[in-house]
>>> print(open('entry.cif').read())   # mmCIF, C-alpha atoms
data_start
#
loop_
_atom_site.label_atom_id
_atom_site.label_comp_id
_atom_site.auth_asym_id
_atom_site.auth_seq_id
_atom_site.Cartn_x
_atom_site.Cartn_y
_atom_site.Cartn_z
CA MET O 1 86.93 104.64 113.73
CA ARG O 2 86.85 107.99 111.96
CA VAL O 3 86.76 108.13 108.17
CA PHE O 4 88.36 110.94 106.18
CA SER O 5 88.55 111.83 102.52
CA SER O 6 89.95 115.34 103.04
CA ILE O 7 93.73 115.71 103.32
CA ASP O 8 93.46 118.87 105.42
CA GLU O 9 90.97 117.40 107.88
CA LEU O 10 93.06 114.28 108.42
CA ARG O 11 96.23 116.33 108.90
CA HIS O 12 94.55 118.65 111.39
CA THR O 13 93.27 115.72 113.45
CA LEU O 14 96.58 113.87 113.44
CA ASP O 15 98.64 116.97 114.22
CA ALA O 16 96.70 117.52 117.43
CA LEU O 17 97.25 113.92 118.52
CA LYS O 18 100.94 113.96 117.65
CA ARG O 19 101.41 117.03 119.85
CA GLN O 20 100.22 114.82 122.70
CA GLY O 21 103.09 112.44 121.92
CA ARG O 22 100.99 109.78 120.19
CA THR O 23 102.78 107.59 117.63
CA VAL O 24 101.18 106.85 114.26
CA GLY O 25 101.50 103.81 112.03
CA LEU O 26 100.30 103.86 108.42
CA VAL O 27 99.06 100.90 106.37
CA PRO O 28 98.68 101.98 102.72
CA THR O 29 96.31 99.79 100.69
CA MET O 30 94.18 99.83 97.56
CA GLY O 31 91.32 98.20 99.43
CA TYR O 32 89.36 95.00 98.86
CA LEU O 33 91.03 93.82 102.04
CA HIS O 34 91.99 90.26 102.90
CA ALA O 35 93.85 88.50 105.72
CA GLY O 36 97.19 89.75 104.42
CA HIS O 37 96.12 93.37 104.85
CA MET O 38 94.74 92.61 108.28
CA GLU O 39 98.10 91.18 109.32
CA LEU O 40 99.63 94.55 108.46
CA VAL O 41 96.96 96.22 110.59
CA SER O 42 97.65 93.84 113.48
CA ARG O 43 101.36 94.61 113.36
CA ALA O 44 100.70 98.35 113.18
CA ARG O 45 98.34 98.23 116.16
CA ALA O 46 100.91 96.34 118.23
CA GLU O 47 103.61 98.92 117.60
CA ASN O 48 101.83 102.29 117.53
CA ASP O 49 99.39 104.33 119.58
CA LEU O 50 97.30 105.16 116.51
CA VAL O 51 96.76 103.38 113.19
CA VAL O 52 95.80 105.00 109.91
CA VAL O 53 94.79 102.78 106.99
CA SER O 54 94.55 104.36 103.56
CA ILE O 55 92.38 102.97 100.80
CA PHE O 56 93.08 104.50 97.42
CA VAL O 57 93.11 102.80 94.03
CA ASN O 58 95.94 104.81 92.55
CA PRO O 59 95.54 105.46 88.81
CA LEU O 60 99.20 106.45 88.44
CA GLN O 61 100.36 102.87 88.91
CA PHE O 62 98.07 101.32 86.29
CA GLY O 63 99.02 101.08 82.63
CA GLN O 64 96.59 101.84 79.82
CA ALA O 65 95.85 98.17 79.20
CA GLU O 66 95.58 97.24 82.89
CA ASP O 67 92.66 96.66 85.24
CA LEU O 68 92.06 100.06 86.87
CA SER O 69 88.37 100.18 85.99
CA LYS O 70 87.64 96.65 87.19
CA TYR O 71 89.95 96.56 90.20
CA PRO O 72 87.77 95.17 93.02
CA ARG O 73 86.31 97.77 95.37
CA ASP O 74 84.05 97.44 98.41
CA LEU O 75 84.58 100.35 100.79
CA GLU O 76 81.66 99.42 103.04
CA ARG O 77 83.02 95.91 103.58
CA ASP O 78 86.56 97.19 104.08
CA SER O 79 85.40 99.81 106.58
CA ALA O 80 83.62 97.18 108.66
CA MET O 81 86.73 94.98 108.72
CA LEU O 82 88.96 97.87 109.79
CA LYS O 83 86.56 99.04 112.47
CA GLN O 84 86.38 95.53 113.92
CA ALA O 85 90.19 95.35 113.89
CA GLY O 86 90.48 98.49 115.98
CA VAL O 87 91.82 100.90 113.36
CA ASN O 88 91.60 104.52 114.49
CA PHE O 89 91.41 106.32 111.16
CA LEU O 90 90.50 105.33 107.62
CA PHE O 91 91.72 107.68 104.91
CA ALA O 92 89.70 106.99 101.77
CA PRO O 93 90.27 109.87 99.36
CA GLY O 94 88.94 110.10 95.84
CA VAL O 95 91.13 110.76 92.83
CA GLU O 96 90.10 114.42 92.98
CA ASP O 97 91.34 114.61 96.58
CA MET O 98 94.74 113.09 95.86
CA TYR O 99 95.24 114.61 92.42
CA PRO O 100 93.14 117.78 92.16
CA ARG O 101 95.10 118.68 89.05
CA PRO O 102 97.45 116.68 86.81
CA MET O 103 100.65 115.74 88.60
CA LEU O 104 103.71 117.51 87.20
CA VAL O 105 106.01 116.02 89.85
CA VAL O 106 106.61 112.30 90.14
CA VAL O 107 108.98 110.18 92.20
CA ASP O 108 110.83 107.71 90.04
CA LEU O 109 113.57 105.17 90.69
CA PRO O 110 114.34 104.34 87.07
CA ASP O 111 116.92 101.61 87.65
CA LEU O 112 115.01 99.69 90.31
CA GLY O 113 111.61 100.52 88.86
CA ARG O 114 112.27 99.14 85.38
CA GLU O 115 113.48 95.76 86.54
CA LEU O 116 111.43 92.60 87.10
CA GLU O 117 107.75 93.56 87.45
CA GLY O 118 108.62 97.02 86.15
CA ALA O 119 109.88 95.53 82.90
CA VAL O 120 106.40 94.25 82.06
CA ARG O 121 104.53 97.14 83.72
CA PRO O 122 106.25 100.32 82.49
CA GLY O 123 105.69 103.29 84.79
CA HIS O 124 104.13 101.18 87.53
CA PHE O 125 106.71 101.84 90.21
CA ALA O 126 106.91 105.55 89.47
CA GLY O 127 103.19 105.60 90.24
CA VAL O 128 103.74 103.58 93.42
CA ALA O 129 106.60 105.73 94.67
CA THR O 130 104.70 108.94 93.92
CA VAL O 131 101.53 107.95 95.78
CA VAL O 132 103.43 106.47 98.75
CA SER O 133 105.56 109.59 99.10
CA LYS O 134 102.38 111.69 99.01
CA LEU O 135 100.73 109.49 101.66
CA PHE O 136 103.85 109.81 103.82
CA ASN O 137 103.63 113.60 103.50
CA ILE O 138 99.91 113.62 104.33
CA VAL O 139 99.96 111.27 107.33
CA GLN O 140 103.57 111.79 108.47
CA PRO O 141 103.64 108.47 110.33
CA GLN O 142 106.54 107.17 112.37
CA THR O 143 106.15 103.76 110.76
CA ALA O 144 104.57 102.31 107.61
CA TYR O 145 103.74 98.69 106.91
CA PHE O 146 103.98 96.78 103.64
CA GLY O 147 103.55 93.11 102.73
CA GLU O 148 106.53 91.14 101.52
CA LYS O 149 104.51 89.64 98.69
CA ASP O 150 105.31 92.90 96.89
CA TYR O 151 109.02 92.50 97.58
CA GLN O 152 110.24 94.81 94.82
CA GLN O 153 107.86 97.49 96.03
CA VAL O 154 109.31 97.25 99.54
CA VAL O 155 112.87 97.56 98.25
CA ILE O 156 111.91 100.58 96.13
CA ILE O 157 110.12 102.33 99.02
CA LYS O 158 113.08 101.61 101.26
CA ARG O 159 115.41 103.28 98.79
CA MET O 160 113.06 106.22 98.30
CA VAL O 161 112.89 106.80 102.07
CA GLU O 162 116.67 106.63 102.39
CA ASP O 163 117.47 108.82 99.38
CA LEU O 164 114.91 111.50 100.25
CA ALA O 165 115.57 111.36 104.03
CA ILE O 166 111.90 110.75 104.78
CA PRO O 167 111.58 110.13 108.55
CA VAL O 168 109.46 106.99 108.23
CA ARG O 169 110.44 103.47 109.22
CA VAL O 170 109.36 101.03 106.51
CA ILE O 171 108.48 97.69 108.04
CA SER O 172 107.90 94.53 106.06
CA VAL O 173 105.40 91.91 107.17
CA PRO O 174 105.42 88.26 106.08
CA THR O 175 103.32 87.12 103.16
CA VAL O 176 100.03 85.58 104.23
CA ARG O 177 99.15 82.47 102.26
CA ASP O 178 96.19 80.29 101.51
CA ALA O 179 96.14 76.64 102.52
CA ASP O 180 97.87 75.56 99.29
CA GLY O 181 100.56 78.20 99.67
CA LEU O 182 99.22 80.77 97.21
CA ALA O 183 99.91 84.31 98.40
CA LEU O 184 96.75 86.20 99.24
CA SER O 185 96.03 89.01 96.80
CA SER O 186 93.03 91.17 95.94
CA ARG O 187 93.52 90.06 92.34
CA ASN O 188 92.96 86.40 93.21
CA VAL O 189 89.22 87.06 92.82
CA TYR O 190 89.81 87.36 89.07
CA LEU O 191 90.88 83.71 88.81
CA SER O 192 88.44 81.13 87.54
CA ALA O 193 88.13 77.94 89.57
CA GLU O 194 90.46 76.17 87.13
CA GLU O 195 92.98 78.98 87.19
CA ARG O 196 92.87 79.11 90.98
CA ARG O 197 93.75 75.42 91.18
CA ALA O 198 96.52 75.92 88.65
CA ALA O 199 97.96 78.90 90.55
CA ALA O 200 99.31 76.58 93.24
CA ILE O 201 102.23 76.03 90.86
CA VAL O 202 103.58 79.45 91.90
CA PRO O 203 104.38 78.63 95.56
CA GLN O 204 105.40 75.14 94.46
CA THR O 205 107.99 76.73 92.19
CA LEU O 206 109.37 78.72 95.11
CA ASP O 207 109.60 75.50 97.12
CA GLU O 208 111.49 73.97 94.19
CA ALA O 209 113.89 76.90 94.14
CA GLU O 210 114.65 76.44 97.80
CA ARG O 211 115.18 72.71 97.29
CA LEU O 212 117.55 73.23 94.36
CA VAL O 213 119.66 75.75 96.25
CA ALA O 214 119.74 73.50 99.32
CA ASP O 215 120.95 70.68 97.06
CA GLY O 216 123.91 72.79 95.98
CA LEU O 217 122.84 74.61 92.82
CA THR O 218 124.82 77.86 92.66
CA ASP O 219 124.40 79.08 89.08
CA ALA O 220 121.65 81.72 89.01
CA ARG O 221 120.90 81.39 85.29
CA GLU O 222 120.60 77.62 85.61
CA LEU O 223 118.23 78.07 88.54
CA GLU O 224 116.08 80.46 86.49
CA ALA O 225 115.98 77.96 83.62
CA LYS O 226 115.02 75.07 85.90
CA LEU O 227 112.26 77.11 87.53
CA THR O 228 110.89 78.17 84.15
CA THR O 229 110.77 74.51 83.15
CA PHE O 230 109.08 73.64 86.44
CA LEU O 231 106.40 76.30 85.85
CA GLY O 232 105.89 74.82 82.40
CA ARG O 233 104.39 71.73 84.01
CA GLU O 234 101.22 73.79 84.45
CA PRO O 235 99.72 74.61 81.03
CA LEU O 236 97.71 77.56 82.37
CA ALA O 237 100.79 79.26 83.84
CA LYS O 238 102.43 81.81 81.54
CA PRO O 239 105.60 83.08 83.25
CA GLU O 240 106.52 86.69 82.49
CA VAL O 241 109.30 87.05 85.07
CA VAL O 242 111.43 84.28 86.56
CA ALA O 243 114.44 85.96 88.13
CA VAL O 244 117.12 85.37 90.72
CA ARG O 245 118.43 88.61 92.21
CA ASP O 246 120.40 89.95 95.12
CA ALA O 247 117.92 90.16 97.99
CA SER O 248 119.02 93.63 99.06
CA THR O 249 119.66 95.45 95.79
CA LEU O 250 117.66 93.39 93.25
CA GLU O 251 120.74 93.37 91.04
CA PRO O 252 121.38 90.26 88.92
CA VAL O 253 123.70 87.68 90.42
CA GLY O 254 125.81 85.10 88.63
CA SER O 255 126.69 82.77 91.45
CA ILE O 256 124.42 82.13 94.42
CA GLU O 257 126.62 82.93 97.39
CA GLU O 258 124.72 85.51 99.43
CA SER O 259 121.06 85.99 100.20
CA ILE O 260 118.95 85.96 97.03
CA VAL O 261 115.34 86.59 96.16
CA VAL O 262 113.55 84.42 93.63
CA ALA O 263 110.95 86.63 91.97
CA LEU O 264 108.03 85.26 89.96
CA PHE O 265 105.47 87.12 87.88
CA VAL O 266 103.10 84.62 86.30
CA ARG O 267 99.96 85.14 84.24
CA PHE O 268 96.88 82.94 84.49
CA GLY O 269 94.42 84.03 81.84
CA SER O 270 94.18 87.79 82.21
CA THR O 271 95.43 87.78 85.81
CA ARG O 272 99.03 88.39 86.80
CA LEU O 273 100.23 86.94 90.09
CA LEU O 274 103.52 87.78 91.74
CA ASP O 275 105.35 86.03 94.52
CA ASN O 276 108.85 85.66 95.87
CA ARG O 277 111.07 83.72 98.21
CA VAL O 278 114.19 84.98 99.98
CA ILE O 279 116.76 82.19 100.20
CA GLY O 280 119.99 82.22 102.15
CA SER O 281 121.50 84.38 104.87
CA ASN O 282 119.88 84.06 108.29
CA ARG O 283 116.41 85.08 107.17
CA ALA O 284 113.54 82.69 107.71
CA THR O 285 112.34 81.06 104.52
CA GLY O 286 109.50 78.73 103.62
CA ASN O 287 106.45 80.98 103.64
CA ASN O 288 108.40 84.28 103.80
CA ARG O 289 107.63 84.36 107.49
CA ILE O 290 110.07 87.19 107.99
CA ALA O 291 109.17 90.38 109.73
CA GLY O 292 111.42 93.28 110.40
CA VAL O 293 112.58 96.71 109.42
CA ILE O 294 113.55 96.98 105.77
CA GLY O 295 114.38 100.65 105.77
CA GLY O 296 113.97 104.12 107.15
CA LYS O 297 115.40 105.90 110.15
CA GLY O 298 112.42 107.38 111.98
CA GLN O 299 111.54 106.78 115.58
CA PRO O 300 110.06 103.39 116.47
CA GLY O 301 106.50 103.03 117.62
CA LYS O 302 105.50 101.38 120.83
CA GLY O 303 106.30 97.73 121.51
CA GLN O 304 108.42 97.22 118.39
CA ALA O 305 109.10 93.56 117.72
CA GLU O 306 112.69 92.47 117.46
CA LYS O 307 114.13 92.68 114.01
CA GLY O 308 113.81 89.51 111.98
CA GLN O 309 111.50 87.70 114.37
CA PRO O 310 108.35 86.08 113.02
CA GLU O 311 105.18 87.56 114.43
CA LYS O 312 102.72 85.41 116.30
CA GLY O 313 99.48 84.73 114.54
CA VAL O 314 100.66 84.94 110.94
CA THR O 315 98.26 82.94 108.83
CA LYS O 316 99.80 80.48 106.47
#
>>> encode(input="entry.cif", output="structure tokens")
Amino acid sequence: MRVFSSIDELRHTLDALKRQGRTVGLVPTMGYLHAGHMELVSRARAENDLVVVSIFVNPLQFGQAEDLSKYPRDLERDSAMLKQAGVNFLFAPGVEDMYPRPMLVVVDLPDLGRELEGAVRPGHFAGVATVVSKLFNIVQPQTAYFGEKDYQQVVIIKRMVEDLAIPVRVISVPTVRDADGLALSSRNVYLSAEERRAAAIVPQTLDEAERLVADGLTDARELEAKLTTFLGREPLAKPEVVAVRDASTLEPVGSIEESIVVALFVRFGSTRLLDNRVIGSNRATGNNRIAGVIGGKGQPGKGQAEKGQPEKGVTK
């Protein structure tokens, strides 16, 4: 595995390989890798000739009162994991490499980006869209892989790719969960032992949402109210977002008739956890074991899995 911090050096290397007809898959991350990230890597390796993983803690997506300075970092550990997984290139730039001078241009999706998580993290998704668009321009992959835990992020990147005609296929990969159902996240390390036990209420709430809809509940506001009450059973859980939205557009729905996404953003102490569950349509539910293309019109990589089919080896 080769490691780059220079944009020009990475581009030069990849350009030569692309001229040989090699396909490239990109896995953008902020590092401190876990099994969820490695599932993205596994999917990328299966579908592309070459895999680039980026590790960059992007300051543009952190608010002033957020955890940029204490966000967990361990590049040596991450590098060893990626090398063992067969990644070809690690792109680990510093802030001065990505933003050598203050950014005057940003990519913003104000309607989508100010909803749900964006309502409690102003500017977050403008930072996400800007850094992802820059990574797409640097690497110019055929495909890029994102975890469905960050469902709103995937929808926003999908729309960005479509609106800006970026020739990248955005592929979502199922959420990887711990034994009690909690979605794996780099921020889980912030939880105390008591908070970690309490955090199981989040996937339990998604199970409750699925049960209520299966039992015939069709009023979205009533479902939100019932889920908020359910979360209230755990004193340490402080819900910031409990929302039922259209699964494709993230627009509010009144009656549950089509596919919906239940989005949760819950605070435990100083740690915010997000999770979601798509309910309805013909998508697999339960642990979000859904894998498939969520957007983009570029050329597929090698061995692309059929759309909507769960991948083998997804860790619960």
>>> residues_around(input="entry.cif", residues="range 129-131 of chain O", least_positions_apart="2", cutoff="9 Å", atoms="all atoms listed in the file", output="compact mmCIF listing (two decimals) with C-alpha atoms, in the coordinates of the input")
# COMPACT_ATOMS: atom_id res chain seq x y z
CA ASN O 58 95.94 104.81 92.55
CA LEU O 60 99.20 106.45 88.44
CA GLN O 61 100.36 102.87 88.91
CA MET O 98 94.74 113.09 95.86
CA VAL O 105 106.01 116.02 89.85
CA VAL O 106 106.61 112.30 90.14
CA VAL O 107 108.98 110.18 92.20
CA ASP O 108 110.83 107.71 90.04
CA LEU O 109 113.57 105.17 90.69
CA HIS O 124 104.13 101.18 87.53
CA PHE O 125 106.71 101.84 90.21
CA ALA O 126 106.91 105.55 89.47
CA GLY O 127 103.19 105.60 90.24
CA SER O 133 105.56 109.59 99.10
CA LYS O 134 102.38 111.69 99.01
CA LEU O 135 100.73 109.49 101.66
CA PHE O 136 103.85 109.81 103.82
CA GLN O 153 107.86 97.49 96.03
CA ILE O 156 111.91 100.58 96.13
CA ILE O 157 110.12 102.33 99.02
CA MET O 160 113.06 106.22 98.30
>>> residues_around(input="entry.cif", residues="range 191-202 of chain O", least_positions_apart="6", cutoff="12 Å", atoms="all atoms listed in the file", output="JSON, numbers by chain")
{"O": [177, 178, 179, 180, 181, 182, 183, 184, 185, 208, 209, 227, 228, 229, 230, 231, 232, 233, 234, 235, 236, 237, 238, 239, 241, 242, 262, 263, 264, 265, 266, 267, 268, 269, 270, 271, 272, 273, 274, 275, 276, 277]}
>>> closest_atom_pairs(input="entry.cif", of="range 64-149 of chain O", to="range 245-258 of chain O", cutoff="9 Å", atoms="all atoms listed in the file", output="CSV")
residue,atom,partner,partner_atom,distance
O:Leu112,CA,O:Leu250,CA,7.4
O:Glu115,CA,O:Leu250,CA,8.3
O:Leu116,CA,O:Leu250,CA,8.8
>>> residues_around(input="entry.cif", residues="Asp49 in chain O", least_positions_apart="2", cutoff="7 Å", atoms="all atoms listed in the file", output="PDB file with C-alpha atoms, keeping the file's coordinate frame")
ATOM      1  CA  ARG O  22     100.990 109.780 120.190  1.00  0.00           C
ATOM      2  CA  THR O  23     102.780 107.590 117.630  1.00  0.00           C
ATOM      3  CA  VAL O  24     101.180 106.850 114.260  1.00  0.00           C
ATOM      4  CA  VAL O  51      96.760 103.380 113.190  1.00  0.00           C
ATOM      5  CA  LYS O 302     105.500 101.380 120.830  1.00  0.00           C
TER       6      LYS O 302
END
>>> closest_atom_pairs(input="entry.cif", of="range 178-287 of chain O", to="range 73-93 of chain O", cutoff="12 Å", atoms="only C-alpha atoms", output="tab-separated table")
residue	atom	partner	partner_atom	distance
O:Ser186	CA	O:Arg73	CA	9.4
O:Arg187	CA	O:Arg73	CA	11.0
O:Val189	CA	O:Arg73	CA	11.4
>>> residues_around(input="entry.cif", residues="Val53 in chain O", least_positions_apart="5", cutoff="6 Å", atoms="only C-alpha atoms", output="number ranges by chain")
O: 26-28, 90
>>> write_last_selection(input="entry.cif", atoms="C-alpha atoms", output="short mmCIF file (atom, residue, chain, number, x, y, z; two decimals), in the frame of the given file")
data_model
loop_
_atom_site.label_atom_id
_atom_site.label_comp_id
_atom_site.auth_asym_id
_atom_site.auth_seq_id
_atom_site.Cartn_x
_atom_site.Cartn_y
_atom_site.Cartn_z
CA LEU O 26 100.30 103.86 108.42
CA VAL O 27 99.06 100.90 106.37
CA PRO O 28 98.68 101.98 102.72
CA LEU O 90 90.50 105.33 107.62
#
>>> atom_distance(input="entry.cif", atom1="CA of Arg121 in chain O", atom2="CA of Tyr99 in chain O")
21.6 Å
>>> atom_distance(input="entry.cif", atom1="CA of Asp67 in chain O", atom2="CA of Val128 in chain O")
15.4 Å
>>> resolve_selection(input="entry.cif", expression="the PyMOL selection byres ((chain O and resi 29) around 8)", output="list of chain:residue names")
O:Val27, O:Pro28, O:Met30, O:Gly31, O:His37, O:Val53, O:Ser54, O:Ile55, O:Phe56, O:Val57
>>> atom_distance(input="entry.cif", atom1="CA of Gln142 in chain O", atom2="CA of Met103 in chain O")
25.9 Å
>>> resolve_selection(input="entry.cif", expression="the PyMOL selection byres ((chain O and resi 6-15) around 7)", output="list in words")
Phe4, Ser5, Ala16, Leu17, Lys18, Arg19, Pro93, Asp97, Ile138 and Val139 of chain O
>>> build_atoms(input="entry.cif", residues="range 168-201 of chain O", atoms="N, CA and C atoms", output="short mmCIF file (atom, residue, chain, number, x, y, z; two decimals), in the coordinates of the input")
data_model
loop_
_atom_site.label_atom_id
_atom_site.label_comp_id
_atom_site.auth_asym_id
_atom_site.auth_seq_id
_atom_site.Cartn_x
_atom_site.Cartn_y
_atom_site.Cartn_z
N VAL O 168 110.44 108.06 108.05
CA VAL O 168 109.46 106.99 108.23
C VAL O 168 110.21 105.66 108.24
N ARG O 169 109.87 104.81 109.20
CA ARG O 169 110.44 103.47 109.22
C ARG O 169 109.54 102.56 108.40
N VAL O 170 110.11 101.93 107.39
CA VAL O 170 109.36 101.03 106.51
C VAL O 170 109.54 99.61 107.03
N ILE O 171 108.44 99.00 107.40
CA ILE O 171 108.48 97.69 108.04
C ILE O 171 107.79 96.68 107.13
N SER O 172 108.48 95.59 106.88
CA SER O 172 107.90 94.53 106.06
C SER O 172 107.24 93.49 106.94
N VAL O 173 106.16 92.92 106.43
CA VAL O 173 105.40 91.91 107.17
C VAL O 173 105.27 90.68 106.29
N PRO O 174 105.41 89.49 106.87
CA PRO O 174 105.42 88.26 106.08
C PRO O 174 104.19 88.09 105.19
N THR O 175 104.41 87.45 104.08
CA THR O 175 103.32 87.12 103.16
C THR O 175 102.34 86.17 103.84
N VAL O 176 101.07 86.46 103.70
CA VAL O 176 100.03 85.58 104.23
C VAL O 176 99.54 84.72 103.08
N ARG O 177 99.42 83.43 103.32
CA ARG O 177 99.15 82.47 102.26
C ARG O 177 97.90 81.66 102.51
N ASP O 178 97.32 81.20 101.42
CA ASP O 178 96.19 80.29 101.51
C ASP O 178 96.69 78.90 101.87
N ALA O 179 95.77 77.97 102.06
CA ALA O 179 96.14 76.64 102.52
C ALA O 179 97.10 75.94 101.56
N ASP O 180 96.99 76.21 100.26
CA ASP O 180 97.87 75.56 99.29
C ASP O 180 99.13 76.38 99.02
N GLY O 181 99.35 77.42 99.79
CA GLY O 181 100.56 78.20 99.67
C GLY O 181 100.46 79.44 98.80
N LEU O 182 99.35 79.61 98.07
CA LEU O 182 99.22 80.77 97.21
C LEU O 182 99.14 82.04 98.06
N ALA O 183 99.94 83.04 97.68
CA ALA O 183 99.91 84.31 98.40
C ALA O 183 98.56 84.98 98.22
N LEU O 184 98.01 85.49 99.32
CA LEU O 184 96.75 86.20 99.24
C LEU O 184 96.94 87.50 98.47
N SER O 185 95.99 87.81 97.61
CA SER O 185 96.03 89.01 96.80
C SER O 185 94.62 89.41 96.43
N SER O 186 94.36 90.71 96.36
CA SER O 186 93.03 91.17 95.94
C SER O 186 92.71 90.68 94.54
N ARG O 187 93.74 90.49 93.72
CA ARG O 187 93.52 90.06 92.34
C ARG O 187 93.18 88.58 92.21
N ASN O 188 93.31 87.82 93.29
CA ASN O 188 92.96 86.40 93.21
C ASN O 188 91.49 86.20 92.85
N VAL O 189 90.65 87.20 93.13
CA VAL O 189 89.22 87.06 92.82
C VAL O 189 88.98 86.99 91.31
N TYR O 190 89.95 87.43 90.52
CA TYR O 190 89.81 87.36 89.07
C TYR O 190 89.94 85.94 88.53
N LEU O 191 90.57 85.05 89.29
CA LEU O 191 90.88 83.71 88.81
C LEU O 191 89.62 82.87 88.71
N SER O 192 89.49 82.14 87.61
CA SER O 192 88.44 81.13 87.54
C SER O 192 88.80 79.98 88.47
N ALA O 193 87.86 79.08 88.70
CA ALA O 193 88.13 77.94 89.57
C ALA O 193 89.30 77.11 89.04
N GLU O 194 89.36 76.93 87.72
CA GLU O 194 90.46 76.17 87.13
C GLU O 194 91.78 76.90 87.28
N GLU O 195 91.76 78.20 87.05
CA GLU O 195 92.98 78.98 87.19
C GLU O 195 93.45 79.02 88.64
N ARG O 196 92.49 79.09 89.57
CA ARG O 196 92.87 79.11 90.98
C ARG O 196 93.57 77.82 91.38
N ARG O 197 93.07 76.69 90.89
CA ARG O 197 93.75 75.42 91.18
C ARG O 197 95.14 75.41 90.57
N ALA O 198 95.24 75.92 89.34
CA ALA O 198 96.52 75.92 88.65
C ALA O 198 97.54 76.84 89.32
N ALA O 199 97.06 77.90 89.97
CA ALA O 199 97.96 78.90 90.55
C ALA O 199 98.81 78.36 91.68
N ALA O 200 98.48 77.19 92.20
CA ALA O 200 99.31 76.58 93.24
C ALA O 200 100.71 76.28 92.73
N ILE O 201 100.90 76.27 91.41
CA ILE O 201 102.23 76.03 90.86
C ILE O 201 103.21 77.13 91.26
#
